[in-house]
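Below is my_file.txt, which holds compact mmCIF, C-alpha atoms.
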```
# COMPACT_ATOMS: atom_id res chain seq x y z
CA MET A 24 22.34 -15.34 -2.20
CA TYR A 25 19.97 -12.52 -1.28
CA ARG A 26 20.08 -10.88 2.15
CA ILE A 27 16.59 -9.83 3.19
CA ALA A 28 15.41 -8.17 6.40
CA SER A 29 12.35 -9.61 8.13
CA ILE A 30 9.95 -7.87 10.53
CA GLY A 31 7.18 -10.11 11.83
CA GLY A 32 5.58 -7.40 13.92
CA ASP A 33 2.41 -7.94 15.92
CA GLY A 34 -0.61 -10.21 16.13
CA ILE A 35 -0.66 -12.71 13.28
CA GLY A 36 2.35 -10.99 11.68
CA PRO A 37 5.05 -13.44 12.84
CA GLU A 38 2.93 -16.45 11.77
CA ILE A 39 2.22 -15.25 8.25
CA ILE A 40 5.80 -14.05 7.74
CA THR A 41 7.04 -17.51 8.72
CA GLU A 42 4.93 -19.03 5.93
CA GLY A 43 5.99 -16.37 3.46
CA LYS A 44 9.65 -17.05 4.19
CA LYS A 45 9.05 -20.78 3.79
CA VAL A 46 7.61 -20.23 0.30
CA VAL A 47 10.35 -17.78 -0.74
CA GLU A 48 12.97 -20.33 0.30
CA ALA A 49 11.18 -23.03 -1.70
CA ALA A 50 11.22 -20.77 -4.74
CA GLY A 51 14.95 -20.28 -4.20
CA ASP A 52 15.48 -24.04 -4.17
CA ALA A 53 13.52 -24.38 -7.41
CA TYR A 54 15.08 -21.43 -9.23
CA GLY A 55 18.68 -21.55 -8.08
CA PHE A 56 19.12 -18.86 -5.45
CA GLY A 57 19.35 -18.65 -1.69
CA VAL A 58 17.98 -16.27 0.91
CA ALA A 59 19.71 -15.18 4.11
CA TRP A 60 17.17 -13.65 6.50
CA GLU A 61 17.91 -11.20 9.28
CA ASP A 62 15.05 -10.87 11.73
CA PHE A 63 14.34 -7.58 13.50
CA ASP A 64 12.49 -7.39 16.81
CA ILE A 65 10.32 -4.39 16.03
CA GLY A 66 6.76 -4.11 17.27
CA ALA A 67 4.43 -3.89 20.24
CA GLU A 68 6.25 -6.25 22.59
CA ARG A 69 9.48 -4.29 22.39
CA TYR A 70 7.64 -0.99 22.67
CA LEU A 71 5.78 -2.11 25.79
CA SER A 72 8.96 -3.39 27.46
CA THR A 73 11.44 -0.69 26.42
CA GLY A 74 9.47 2.25 25.01
CA ASP A 75 11.33 1.95 21.71
CA VAL A 76 9.24 2.17 18.55
CA LEU A 77 11.84 2.46 15.81
CA THR A 78 15.38 3.45 16.73
CA GLU A 79 18.12 5.10 14.70
CA GLU A 80 20.08 1.87 15.05
CA ASP A 81 17.15 -0.03 13.51
CA LEU A 82 17.08 2.33 10.56
CA SER A 83 20.83 2.16 10.10
CA GLU A 84 20.79 -1.65 10.04
CA LEU A 85 17.74 -1.89 7.78
CA ALA A 86 19.41 0.46 5.29
CA LYS A 87 21.89 -2.33 4.53
CA PHE A 88 19.15 -4.37 2.87
CA ARG A 89 17.54 -3.95 -0.53
CA ALA A 90 14.29 -5.52 0.69
CA ILE A 91 12.30 -5.77 3.92
CA TYR A 92 9.67 -8.48 4.34
CA PHE A 93 7.04 -7.10 6.72
CA GLY A 94 4.21 -8.84 8.56
CA ALA A 95 1.72 -6.63 10.38
CA ILE A 96 1.69 -3.87 13.00
CA GLY A 97 -0.91 -3.08 15.63
CA ASP A 98 -1.74 -4.21 19.14
CA ASP A 99 -4.79 -3.56 21.33
CA ARG A 100 -2.53 -2.72 24.27
CA VAL A 101 -1.03 0.24 22.43
CA LYS A 102 -2.86 3.45 21.56
CA PRO A 103 -3.79 3.47 17.85
CA GLY A 104 -1.30 5.37 15.72
CA ILE A 105 1.80 4.91 17.87
CA LEU A 106 2.99 1.75 16.14
CA GLU A 107 1.40 2.40 12.76
CA LYS A 108 2.87 5.88 12.37
CA GLY A 109 6.01 5.23 14.39
CA ILE A 110 7.01 2.09 12.50
CA LEU A 111 5.19 1.55 9.22
CA LEU A 112 4.88 5.16 8.07
CA ARG A 113 8.31 6.08 9.39
CA LEU A 114 9.90 3.26 7.40
CA ARG A 115 8.12 4.40 4.25
CA PHE A 116 9.23 8.00 4.70
CA HIS A 117 12.75 7.31 5.99
CA PHE A 118 13.60 5.05 3.05
CA ASP A 119 11.74 7.30 0.58
CA GLN A 120 9.53 4.43 -0.56
CA TYR A 121 7.64 6.74 -2.85
CA ILE A 122 5.74 4.03 -4.71
CA ASN A 123 3.02 1.94 -3.11
CA LEU A 124 2.38 -0.82 -5.63
CA ARG A 125 -0.86 -2.78 -5.41
CA PRO A 126 -1.81 -5.51 -7.89
CA ILE A 127 -5.59 -5.82 -8.27
CA ARG A 128 -5.88 -9.26 -9.79
CA LEU A 129 -8.61 -11.86 -9.45
CA LEU A 130 -6.91 -15.22 -9.20
CA HIS A 131 -8.46 -18.30 -10.78
CA GLY A 132 -10.75 -20.06 -8.34
CA VAL A 133 -11.51 -16.92 -6.29
CA SER A 134 -15.01 -15.47 -6.29
CA THR A 135 -15.61 -11.76 -6.71
CA PRO A 136 -18.67 -9.79 -5.57
CA LEU A 137 -18.87 -8.32 -9.07
CA ALA A 138 -21.51 -10.17 -11.08
CA GLY A 139 -20.34 -11.61 -14.36
CA LYS A 140 -16.66 -10.71 -13.91
CA SER A 141 -13.82 -13.20 -14.29
CA PRO A 142 -10.02 -13.17 -13.91
CA ASP A 143 -9.85 -11.84 -17.46
CA ASP A 144 -11.71 -8.72 -16.32
CA ILE A 145 -9.90 -7.94 -13.08
CA ASP A 146 -6.17 -7.58 -13.70
CA PHE A 147 -4.72 -4.13 -13.17
CA VAL A 148 -2.20 -2.37 -10.94
CA VAL A 149 -2.55 0.71 -8.77
CA VAL A 150 0.53 2.91 -8.39
CA ARG A 151 -0.04 5.07 -5.30
CA GLU A 152 2.31 7.97 -4.60
CA ASN A 153 3.43 7.07 -1.09
CA THR A 154 5.15 10.03 0.59
CA GLU A 155 3.13 13.22 -0.04
CA ASP A 156 -0.46 14.52 -0.10
CA PHE A 157 -2.33 14.70 3.22
CA TYR A 158 0.03 12.17 4.80
CA VAL A 159 2.86 14.66 5.35
CA GLY A 160 1.42 15.42 8.79
CA ILE A 161 1.01 19.21 8.55
CA GLY A 162 -1.97 20.32 10.60
CA SER A 163 -3.26 21.34 13.99
CA ARG A 164 -6.31 22.11 16.14
CA PHE A 165 -7.14 25.39 17.86
CA THR A 166 -9.56 26.43 20.57
CA GLY A 167 -10.31 29.59 22.54
CA HIS A 168 -8.03 32.60 22.22
CA GLU A 169 -5.72 30.77 19.79
CA LYS A 170 -8.32 31.28 17.05
CA LYS A 171 -7.96 35.05 17.18
CA THR A 172 -4.59 34.87 15.44
CA LEU A 173 -5.88 32.76 12.56
CA ASP A 174 -6.83 35.36 10.00
CA VAL A 175 -7.40 32.76 7.32
CA PHE A 176 -10.03 31.02 9.44
CA ARG A 177 -11.63 34.31 10.44
CA GLU A 178 -12.10 35.20 6.79
CA MET A 179 -13.45 31.75 5.95
CA TYR A 180 -16.03 31.78 8.71
CA GLN A 181 -17.16 35.36 8.27
CA VAL A 182 -17.27 35.50 4.49
CA ARG A 183 -18.39 31.97 3.64
CA PHE A 184 -20.52 31.02 6.63
CA GLY A 185 -21.54 34.31 8.18
CA LEU A 186 -20.06 33.30 11.54
CA ASP A 187 -17.77 35.05 13.96
CA VAL A 188 -14.74 32.82 14.33
CA GLU A 189 -14.02 34.15 17.81
CA SER A 190 -17.44 33.34 19.27
CA ASP A 191 -19.20 30.84 17.03
CA ALA A 192 -16.46 28.39 16.08
CA GLU A 193 -15.74 26.40 19.24
CA GLU A 194 -12.80 24.51 17.77
CA ILE A 195 -10.95 24.62 14.46
CA ALA A 196 -8.80 21.96 12.83
CA TYR A 197 -6.85 21.98 9.60
CA GLN A 198 -4.82 19.50 7.58
CA ILE A 199 -2.62 20.50 4.66
CA GLY A 200 -2.02 18.33 1.63
CA VAL A 201 1.26 18.76 -0.22
CA ILE A 202 2.00 17.76 -3.80
CA THR A 203 5.41 18.61 -5.25
CA ARG A 204 6.21 18.54 -8.92
CA GLU A 205 9.09 16.12 -8.41
CA GLY A 206 7.10 13.89 -6.07
CA ALA A 207 4.30 13.63 -8.61
CA ARG A 208 6.67 13.22 -11.55
CA ARG A 209 8.59 10.26 -10.22
CA ALA A 210 5.43 8.33 -9.26
CA ILE A 211 3.75 9.08 -12.58
CA LYS A 212 6.87 8.17 -14.55
CA TYR A 213 7.03 4.85 -12.69
CA SER A 214 3.47 4.13 -13.77
CA PHE A 215 4.24 4.81 -17.43
CA ASP A 216 7.31 2.58 -17.34
CA LEU A 217 5.19 -0.16 -15.79
CA ALA A 218 2.42 0.27 -18.37
CA GLY A 219 5.00 -0.17 -21.11
CA LYS A 220 5.49 -3.74 -19.85
CA ARG A 221 1.76 -4.40 -19.66
CA ARG A 222 -1.18 -3.29 -21.83
CA LYS A 223 0.10 0.25 -22.38
CA LYS A 224 -2.62 2.29 -20.70
CA VAL A 225 -2.36 4.66 -17.71
CA THR A 226 -5.32 6.14 -15.85
CA SER A 227 -4.66 9.18 -13.65
CA VAL A 228 -6.86 9.71 -10.58
CA ASP A 229 -7.36 13.14 -9.00
CA LYS A 230 -9.97 15.64 -7.84
CA ALA A 231 -8.71 18.60 -9.83
CA ASN A 232 -12.21 19.99 -10.40
CA VAL A 233 -12.55 20.93 -6.72
CA LEU A 234 -9.12 20.69 -5.09
CA SER A 235 -7.66 22.51 -8.02
CA GLU A 236 -4.34 23.63 -6.55
CA VAL A 237 -2.78 20.38 -5.34
CA TYR A 238 -4.45 18.08 -7.84
CA GLY A 239 -4.23 20.64 -10.62
CA LEU A 240 -0.45 20.36 -10.25
CA TRP A 241 -0.76 16.56 -10.30
CA ARG A 242 -2.74 16.72 -13.55
CA ASP A 243 -0.25 19.12 -15.14
CA VAL A 244 2.64 16.81 -14.29
CA PHE A 245 0.75 13.79 -15.64
CA THR A 246 0.16 15.59 -18.92
CA GLY A 247 3.84 16.48 -19.18
CA VAL A 248 5.06 12.95 -18.48
CA ALA A 249 2.50 11.49 -20.88
CA SER A 250 4.01 13.54 -23.71
CA GLU A 251 7.24 11.55 -23.24
CA TYR A 252 5.41 8.24 -23.84
CA PRO A 253 3.54 8.58 -27.15
CA GLY A 254 2.84 4.84 -27.30
CA ILE A 255 0.90 4.80 -24.01
CA GLN A 256 -2.85 5.48 -23.93
CA THR A 257 -3.94 7.87 -21.16
CA GLU A 258 -7.11 9.03 -19.44
CA PHE A 259 -8.19 11.11 -16.44
CA ASN A 260 -10.69 9.97 -13.80
CA PHE A 261 -11.94 11.89 -10.80
CA VAL A 262 -11.64 9.74 -7.69
CA ASP A 263 -15.39 9.44 -7.17
CA ALA A 264 -15.83 8.28 -10.77
CA VAL A 265 -13.01 5.75 -10.61
CA THR A 266 -14.61 3.97 -7.66
CA MET A 267 -17.74 3.56 -9.75
CA TRP A 268 -15.83 2.19 -12.75
CA PHE A 269 -13.77 -0.19 -10.58
CA VAL A 270 -17.07 -1.86 -9.73
CA LYS A 271 -18.83 -1.59 -13.08
CA ASN A 272 -16.00 -2.02 -15.59
CA PRO A 273 -12.73 -3.15 -13.97
CA GLU A 274 -11.60 -4.50 -17.35
CA TRP A 275 -11.05 -0.91 -18.51
CA PHE A 276 -7.97 -0.49 -16.31
CA ASP A 277 -4.33 -1.44 -16.78
CA VAL A 278 -2.15 0.88 -14.63
CA VAL A 279 -3.86 3.40 -12.35
CA VAL A 280 -1.71 6.16 -10.83
CA THR A 281 -3.00 8.19 -7.92
CA PRO A 282 -1.98 10.63 -5.19
CA ASN A 283 -1.48 9.19 -1.74
CA MET A 284 -4.86 9.68 -0.08
CA PHE A 285 -6.98 8.54 -3.00
CA GLY A 286 -4.71 5.54 -3.49
CA ASP A 287 -5.21 4.56 0.14
CA ILE A 288 -8.97 4.49 -0.39
CA ILE A 289 -9.36 2.93 -3.82
CA THR A 290 -6.91 0.08 -3.17
CA ASP A 291 -9.15 -1.21 -0.36
CA LEU A 292 -11.98 -1.27 -2.88
CA GLY A 293 -9.61 -3.08 -5.21
CA ALA A 294 -8.91 -5.67 -2.51
CA MET A 295 -12.61 -6.43 -2.22
CA ILE A 296 -13.15 -6.97 -5.93
CA GLN A 297 -10.15 -9.32 -6.06
CA GLY A 298 -11.51 -11.49 -3.27
CA GLY A 299 -10.78 -9.73 0.01
CA MET A 300 -7.96 -8.51 2.23
CA GLY A 301 -6.60 -12.02 2.60
CA LEU A 302 -5.54 -11.88 -1.05
CA ALA A 303 -4.15 -8.36 -1.14
CA PRO A 304 -0.36 -7.83 -1.18
CA GLY A 305 1.49 -4.56 -1.44
CA GLY A 306 4.94 -3.17 -2.07
CA ASN A 307 6.46 0.06 -0.74
CA ILE A 308 9.14 0.70 -3.30
CA ASN A 309 12.19 2.87 -3.66
CA PRO A 310 13.56 1.71 -7.04
CA SER A 311 17.12 2.59 -6.05
CA GLY A 312 16.98 2.00 -2.30
CA THR A 313 15.41 -0.12 0.43
CA SER A 314 11.92 -1.39 -0.41
CA MET A 315 9.37 -3.14 1.80
CA PHE A 316 6.77 -5.79 0.96
CA GLU A 317 3.75 -6.66 3.08
CA PRO A 318 0.14 -7.81 3.16
CA ILE A 319 -2.20 -4.84 3.37
CA HIS A 320 -4.42 -6.32 6.07
CA GLY A 321 -3.98 -5.64 9.76
CA SER A 322 -2.48 -7.64 12.61
CA ALA A 323 -5.76 -9.25 13.81
CA PRO A 324 -4.58 -9.62 17.44
CA LYS A 325 -7.56 -11.76 18.45
CA TYR A 326 -6.35 -14.52 16.10
CA LYS A 327 -2.74 -14.43 17.29
CA GLY A 328 -1.30 -17.89 17.82
CA MET A 329 -4.44 -19.70 16.68
CA GLY A 330 -3.01 -20.87 13.36
CA VAL A 331 -6.06 -19.72 11.38
CA ALA A 332 -4.68 -16.63 9.61
CA ASN A 333 -4.73 -16.63 5.82
CA PRO A 334 -1.09 -16.30 4.63
CA PHE A 335 -1.85 -15.79 0.92
CA ALA A 336 -1.44 -11.99 0.92
CA THR A 337 1.92 -12.31 2.66
CA ILE A 338 3.06 -15.09 0.35
CA TRP A 339 2.01 -13.01 -2.68
CA ALA A 340 3.91 -10.03 -1.24
CA GLY A 341 6.94 -12.33 -1.16
CA ALA A 342 6.41 -13.01 -4.85
CA MET A 343 6.40 -9.26 -5.49
CA MET A 344 9.61 -8.96 -3.49
CA LEU A 345 11.32 -11.62 -5.59
CA GLU A 346 10.27 -9.92 -8.80
CA HIS A 347 11.63 -6.63 -7.44
CA ILE A 348 15.06 -8.06 -6.59
CA GLY A 349 15.43 -9.76 -9.97
CA GLU A 350 13.73 -13.16 -9.75
CA PRO A 351 10.52 -12.67 -11.78
CA ALA A 352 10.14 -16.34 -12.76
CA ALA A 353 10.23 -17.38 -9.11
CA GLY A 354 7.69 -14.70 -8.23
CA ALA A 355 5.34 -15.85 -10.99
CA ALA A 356 5.70 -19.45 -9.82
CA ILE A 357 4.59 -18.46 -6.32
CA VAL A 358 1.43 -16.79 -7.64
CA SER A 359 0.68 -19.88 -9.74
CA ALA A 360 1.16 -22.03 -6.64
CA ILE A 361 -1.33 -19.86 -4.73
CA GLU A 362 -3.83 -20.43 -7.55
CA ARG A 363 -3.23 -24.17 -7.32
CA ALA A 364 -3.87 -24.11 -3.58
CA ILE A 365 -7.13 -22.28 -4.17
CA ALA A 366 -8.18 -24.68 -6.93
CA GLU A 367 -7.55 -27.69 -4.68
CA LYS A 368 -9.23 -26.06 -1.66
CA LYS A 369 -5.97 -26.07 0.30
CA VAL A 370 -6.99 -22.90 2.10
CA THR A 371 -7.80 -21.53 5.55
CA ARG A 372 -11.33 -21.39 6.92
CA ASP A 373 -11.95 -17.78 5.84
CA MET A 374 -11.87 -19.10 2.26
CA GLY A 375 -13.99 -22.15 3.01
CA GLY A 376 -11.16 -24.55 3.79
CA SER A 377 -9.90 -26.36 6.88
CA LEU A 378 -6.11 -25.99 6.70
CA SER A 379 -4.04 -24.16 9.27
CA THR A 380 -1.78 -21.24 8.43
CA SER A 381 1.30 -23.46 8.38
CA GLU A 382 -0.42 -26.18 6.33
CA VAL A 383 -1.28 -23.65 3.64
CA GLY A 384 2.34 -22.50 3.62
CA ASP A 385 3.52 -26.10 3.33
CA PHE A 386 1.25 -26.76 0.36
CA VAL A 387 2.26 -23.60 -1.51
CA ALA A 388 5.95 -24.26 -0.88
CA SER A 389 5.57 -27.78 -2.22
CA ALA A 390 3.63 -26.56 -5.26
CA VAL A 391 6.35 -24.01 -6.07
CA LYS A 392 8.95 -26.76 -6.19
CA LYS A 393 6.79 -28.76 -8.60
```
Could you take the file, read its structure, and then write that structure out as structure tokens?
Amino acid sequence: MYRIASIGGDGIGPEIITEGKKVVEAAGDAYGFGVAWEDFDIGAERYLSTGDVLTEEDLSELAKFRAIYFGAIGDDRVKPGILEKGILLRLRFHFDQYINLRPIRLLHGVSTPLAGKSPDDIDFVVVRENTEDFYVGIGSRFTGHEKKTLDVFREMYQVRFGLDVESDAEEIAYQIGVITREGARRAIKYSFDLAGKRRKKVTSVDKANVLSEVYGLWRDVFTGVASEYPGIQTEFNFVDAVTMWFVKNPEWFDVVVTPNMFGDIITDLGAMIQGGMGLAPGGNINPSGTSMFEPIHGSAPKYKGMGVANPFATIWAGAMMLEHIGEPAAGAAIVSAIERAIAEKKVTRDMGGSLSTSEVGDFVASAVKK
């Protein structure tokens, strides 16, 4: 019996989580385990009624679980960033979910915008470092007299641009990216361990030719970790180049490891080449703590309650969750059941079908049991 926390969240989140839970329970029936859910009322409705985003009590209770199954966050009635940063990012940072794991896999029956590419060509994983880089939140904006104290900006403007920072630069903003050796090492090591179970190749993504301090450290750490895995093939790609190769030659990739910001960008490209956001799951993983699994798409408030949301990404995230907690066969069965639903056109209208959200969940749950 596995105890799993559930956060439906906002918009279509509660609907797609309901279908994901239905499929996970069906997998439990088929593979001999049970699931005890504990639902948490975290999201826009509670924030609007109480002002609470994520409380210390929430965090304390969630820490009792190895896995959190997460729907979606975001509501048009709430200023952008309050819920996303206050809930989703805070959970990732609080539980030190330093791996964001994204499978980029073209399922059978799904079309890709890449001409001539098949499921044999698009099957890799992106390991995104999830707690550092430009997402640490160090930065500010300055105007007026505040600029006079910023010697670093004065030098930049006068020497590089020939401007007087005190009179010519109306407003200044800065954002600092942080890479630590340990933060990079643990994410990179995770990618090598994962590659050892796959096709034994790791591609490192950076921009060390220009942002040579932060990503130079990343590259140094990658080289050091690679020396501990002589059986794993390695390569370096600059982030601009890797986006090109994702489109032209996705078959080249097995495990791609990347700092936080670049991973955020290239995994959306990955979602498109695997068929769209409706087929894109993700895991926020702390290998020894509380991890969280979710679809990577948003909450789509305008479709709330309409029963038209595609639940595949959430169901696939549930498969990832089962694999993480020690039920890999059940997880694989769920992905196979998704492929069966696609093959038989048992899909929502965004994929050319006519089924409702719950009908898709029913079909996948039934297919898992078979």
Item to check | Nearest residue to Ala50 of chain A from the set A:Val270, A:Ile338, A:Ala207, A:Ala364 (distances using all atoms listed in the file) | outcome: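 Comparing A:Val270, A:Ile338, A:Ala207, A:Ala364 against Ala50 of chain A, the winner is A:Ile338.
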Find the residues around Ala342 of chain A up to 7 Å (all atoms listed in the file counted), leave out those fewer than 4 positions away in its own chain, and share them as a PDB file with C-alpha atoms, in the frame of the given file.
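Generated output (out_30.pdb):
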```
ATOM      1  CA  ILE A 338       3.060 -15.090   0.350  1.00  0.00           C
ATOM      2  CA  GLU A 346      10.270  -9.920  -8.800  1.00  0.00           C
ATOM      3  CA  GLY A 354       7.690 -14.700  -8.230  1.00  0.00           C
ATOM      4  CA  ALA A 355       5.340 -15.850 -10.990  1.00  0.00           C
ATOM      5  CA  ILE A 357       4.590 -18.460  -6.320  1.00  0.00           C
ATOM      6  CA  VAL A 358       1.430 -16.790  -7.640  1.00  0.00           C
TER       7      VAL A 358
END
```
Next on the checklist: Report, in Å with one decimal, the straight-line distance from atom CA of Met300 of chain A to atom CA of Ala360 of chain A.
Outcome noted: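 The value is 18.6 Å.
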Item to check | Protein, DNA and RNA residues within 10 Å of (1.6, -23.1, -9.3), all atoms listed in the file, as a list in words | outcome: Ala355, Ala356, Ile357, Val358, Ser359, Ala360, Ile361, Glu362, Arg363, Ala364, Val387, Ala388, Ser389, Ala390, Val391, Lys392 and Lys393 of chain A
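The coordinates place atom CA of Ala336 of chain A at 26.8 Å from atom CA of Asp263 of chain A.
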Checklist entry - Hey, what's within 12 Å of Leu217 of chain A if we count all atoms listed in the file and toss same-chain stuff fewer than 4 positions away? As JSON, numbers by chain, please? => result {"A": [122, 124, 126, 147, 148, 149, 150, 210, 211, 212, 213, 221, 222, 223, 224, 225, 252, 255, 277, 278, 279, 280]}
Item to check | Distance query segment 110-119 of chain A at most 12 Å, all atoms listed in the file, self and fewer than 2 positions along chain excluded, as an MDAnalysis selection string | outcome: chainID A and resid 30 32:33 64:67 70 75:79 81:83 85:91 93:97 104:108 121:123 152:155 158:160 206 209:210 306:317 319 321
Checklist entry - Can you list, as a list in words, every protein, DNA or RNA residue that comes within 8 Å of Gly43 of chain A when you count only C-alpha atoms, leaving out same-chain residues fewer than 5 positions away? => result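 What passes the distance filter is Pro334, Thr337, Ile338, Gly341 and Gly384 of chain A.
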Name the residues, using the chain letters and numbers of the file, that sit within 7 Å of (20.2, -9.0, 4.6) when counting all atoms listed in the file, and give them as a short mmCIF file (atom, residue, chain, number, x, y, z; two decimals) with C-alpha atoms, in the frame of the given file.
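File produced: out.cif:
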```cif
data_model
loop_
_atom_site.label_atom_id
_atom_site.label_comp_id
_atom_site.auth_asym_id
_atom_site.auth_seq_id
_atom_site.Cartn_x
_atom_site.Cartn_y
_atom_site.Cartn_z
CA TYR A 25 19.97 -12.52 -1.28
CA ARG A 26 20.08 -10.88 2.15
CA ILE A 27 16.59 -9.83 3.19
CA ALA A 28 15.41 -8.17 6.40
CA ALA A 59 19.71 -15.18 4.11
CA TRP A 60 17.17 -13.65 6.50
CA GLU A 61 17.91 -11.20 9.28
CA LYS A 87 21.89 -2.33 4.53
CA PHE A 88 19.15 -4.37 2.87
#
```
How big is the axis-aligned box around all listed atoms of segment 68-74 of chain A once 6 Å goes on each side, and where's its centre, in Å to one decimal, as lines of an AutoDock Vina configuration file?
```
center_x = 8.6
center_y = -2.0
center_z = 24.9
size_x = 17.7
size_y = 20.5
size_z = 17.1
```
Checklist entry - Nearest to Met344 of chain A: which of A:Phe157, A:Tyr92, A:Phe269, A:Phe56 is it, counting all atoms listed in the file? => result A:Tyr92
Item to check | Separation of atom CA of Ser214 of chain A from atom CA of Ala264 of chain A in Å | outcome: 20.0 Å
Next on the checklist: Show me, as number ranges by chain, the residues that have an atom within 12 Å of Leu234 of chain A when counting all atoms listed in the file, minus same-chain residues fewer than 5 positions from it.
Outcome noted: A: 156, 199-202, 229, 239-242, 261-262
Checklist entry - When distances are computed from all atoms listed in the file, which of A:Val58, A:Ile289, A:Val244, A:Ile40 shows the smallest separation from Glu350 of chain A? => result A:Val58
Residues of segment 330-360 of chain A that approach segment 375-379 of chain A to 8 Å or less, counting all atoms listed in the file: could you list each one with the shortest pair of atoms and its distance in Å to one decimal, rows by chain and increasing residue number, as a tab-separated table?
```
residue	atom	partner	partner_atom	distance
A:Gly330	CA	A:Ser379	CA	5.3
A:Val331	CA	A:Ser379	CA	5.3
A:Ala332	CA	A:Ser379	CA	7.6
```
Checklist outcome for this item: In terms of all atoms listed in the file, the residue from A:Gly286, A:Arg208, A:Leu130, A:Gln297 at minimal distance from Glu251 of chain A is A:Arg208
Next on the checklist: I'd like to know which of A:Ala138, A:Asp98, A:Gly247, A:Asp291 is closest to Ile35 of chain A, using only C-alpha atoms.
Outcome noted: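 Closest candidate: A:Asp98.
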Next on the checklist: Which residue is closest to Arg372 of chain A? Choose from A:His320, A:Glu194, A:Asn333, A:Glu48 and count all atoms listed in the file.
Outcome noted: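 For Arg372 of chain A, the nearest of the candidates is A:Asn333.
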Can you put all heavy atoms back into segment 310-315 of chain A and show it as a PDB file, keeping the file's coordinate frame?
```
ATOM      1  N   PRO A 310      12.877   2.478  -5.993  1.00  0.00           N
ATOM      2  CA  PRO A 310      13.560   1.710  -7.040  1.00  0.00           C
ATOM      3  C   PRO A 310      15.070   1.646  -6.899  1.00  0.00           C
ATOM      4  O   PRO A 310      15.702   0.719  -7.411  1.00  0.00           O
ATOM      5  CB  PRO A 310      13.161   2.457  -8.323  1.00  0.00           C
ATOM      6  CG  PRO A 310      11.855   3.107  -7.989  1.00  0.00           C
ATOM      7  CD  PRO A 310      11.988   3.512  -6.552  1.00  0.00           C
ATOM      8  N   SER A 311      15.666   2.598  -6.202  1.00  0.00           N
ATOM      9  CA  SER A 311      17.120   2.590  -6.050  1.00  0.00           C
ATOM     10  C   SER A 311      17.560   2.477  -4.598  1.00  0.00           C
ATOM     11  O   SER A 311      18.720   2.731  -4.277  1.00  0.00           O
ATOM     12  CB  SER A 311      17.707   3.878  -6.652  1.00  0.00           C
ATOM     13  OG  SER A 311      17.179   5.030  -6.015  1.00  0.00           O
ATOM     14  N   GLY A 312      16.628   2.077  -3.711  1.00  0.00           N
ATOM     15  CA  GLY A 312      16.980   2.000  -2.300  1.00  0.00           C
ATOM     16  C   GLY A 312      16.350   0.798  -1.622  1.00  0.00           C
ATOM     17  O   GLY A 312      16.156  -0.253  -2.239  1.00  0.00           O
ATOM     18  N   THR A 313      16.005   0.951  -0.358  1.00  0.00           N
ATOM     19  CA  THR A 313      15.410  -0.120   0.430  1.00  0.00           C
ATOM     20  C   THR A 313      13.906  -0.127   0.251  1.00  0.00           C
ATOM     21  O   THR A 313      13.241   0.879   0.521  1.00  0.00           O
ATOM     22  CB  THR A 313      15.752   0.051   1.924  1.00  0.00           C
ATOM     23  OG1 THR A 313      17.171   0.004   2.092  1.00  0.00           O
ATOM     24  CG2 THR A 313      15.112  -1.046   2.761  1.00  0.00           C
ATOM     25  N   SER A 314      13.353  -1.244  -0.211  1.00  0.00           N
ATOM     26  CA  SER A 314      11.920  -1.390  -0.410  1.00  0.00           C
ATOM     27  C   SER A 314      11.340  -2.362   0.606  1.00  0.00           C
ATOM     28  O   SER A 314      12.076  -3.145   1.225  1.00  0.00           O
ATOM     29  CB  SER A 314      11.629  -1.871  -1.836  1.00  0.00           C
ATOM     30  OG  SER A 314      12.082  -0.932  -2.799  1.00  0.00           O
ATOM     31  N   MET A 315      10.018  -2.321   0.773  1.00  0.00           N
ATOM     32  CA  MET A 315       9.370  -3.140   1.800  1.00  0.00           C
ATOM     33  C   MET A 315       8.095  -3.760   1.235  1.00  0.00           C
ATOM     34  O   MET A 315       7.303  -3.080   0.571  1.00  0.00           O
ATOM     35  CB  MET A 315       9.042  -2.264   3.012  1.00  0.00           C
ATOM     36  CG  MET A 315       8.376  -2.982   4.160  1.00  0.00           C
ATOM     37  SD  MET A 315       8.371  -1.943   5.651  1.00  0.00           S
ATOM     38  CE  MET A 315       7.332  -0.564   5.109  1.00  0.00           C
TER      39      MET A 315
END
```
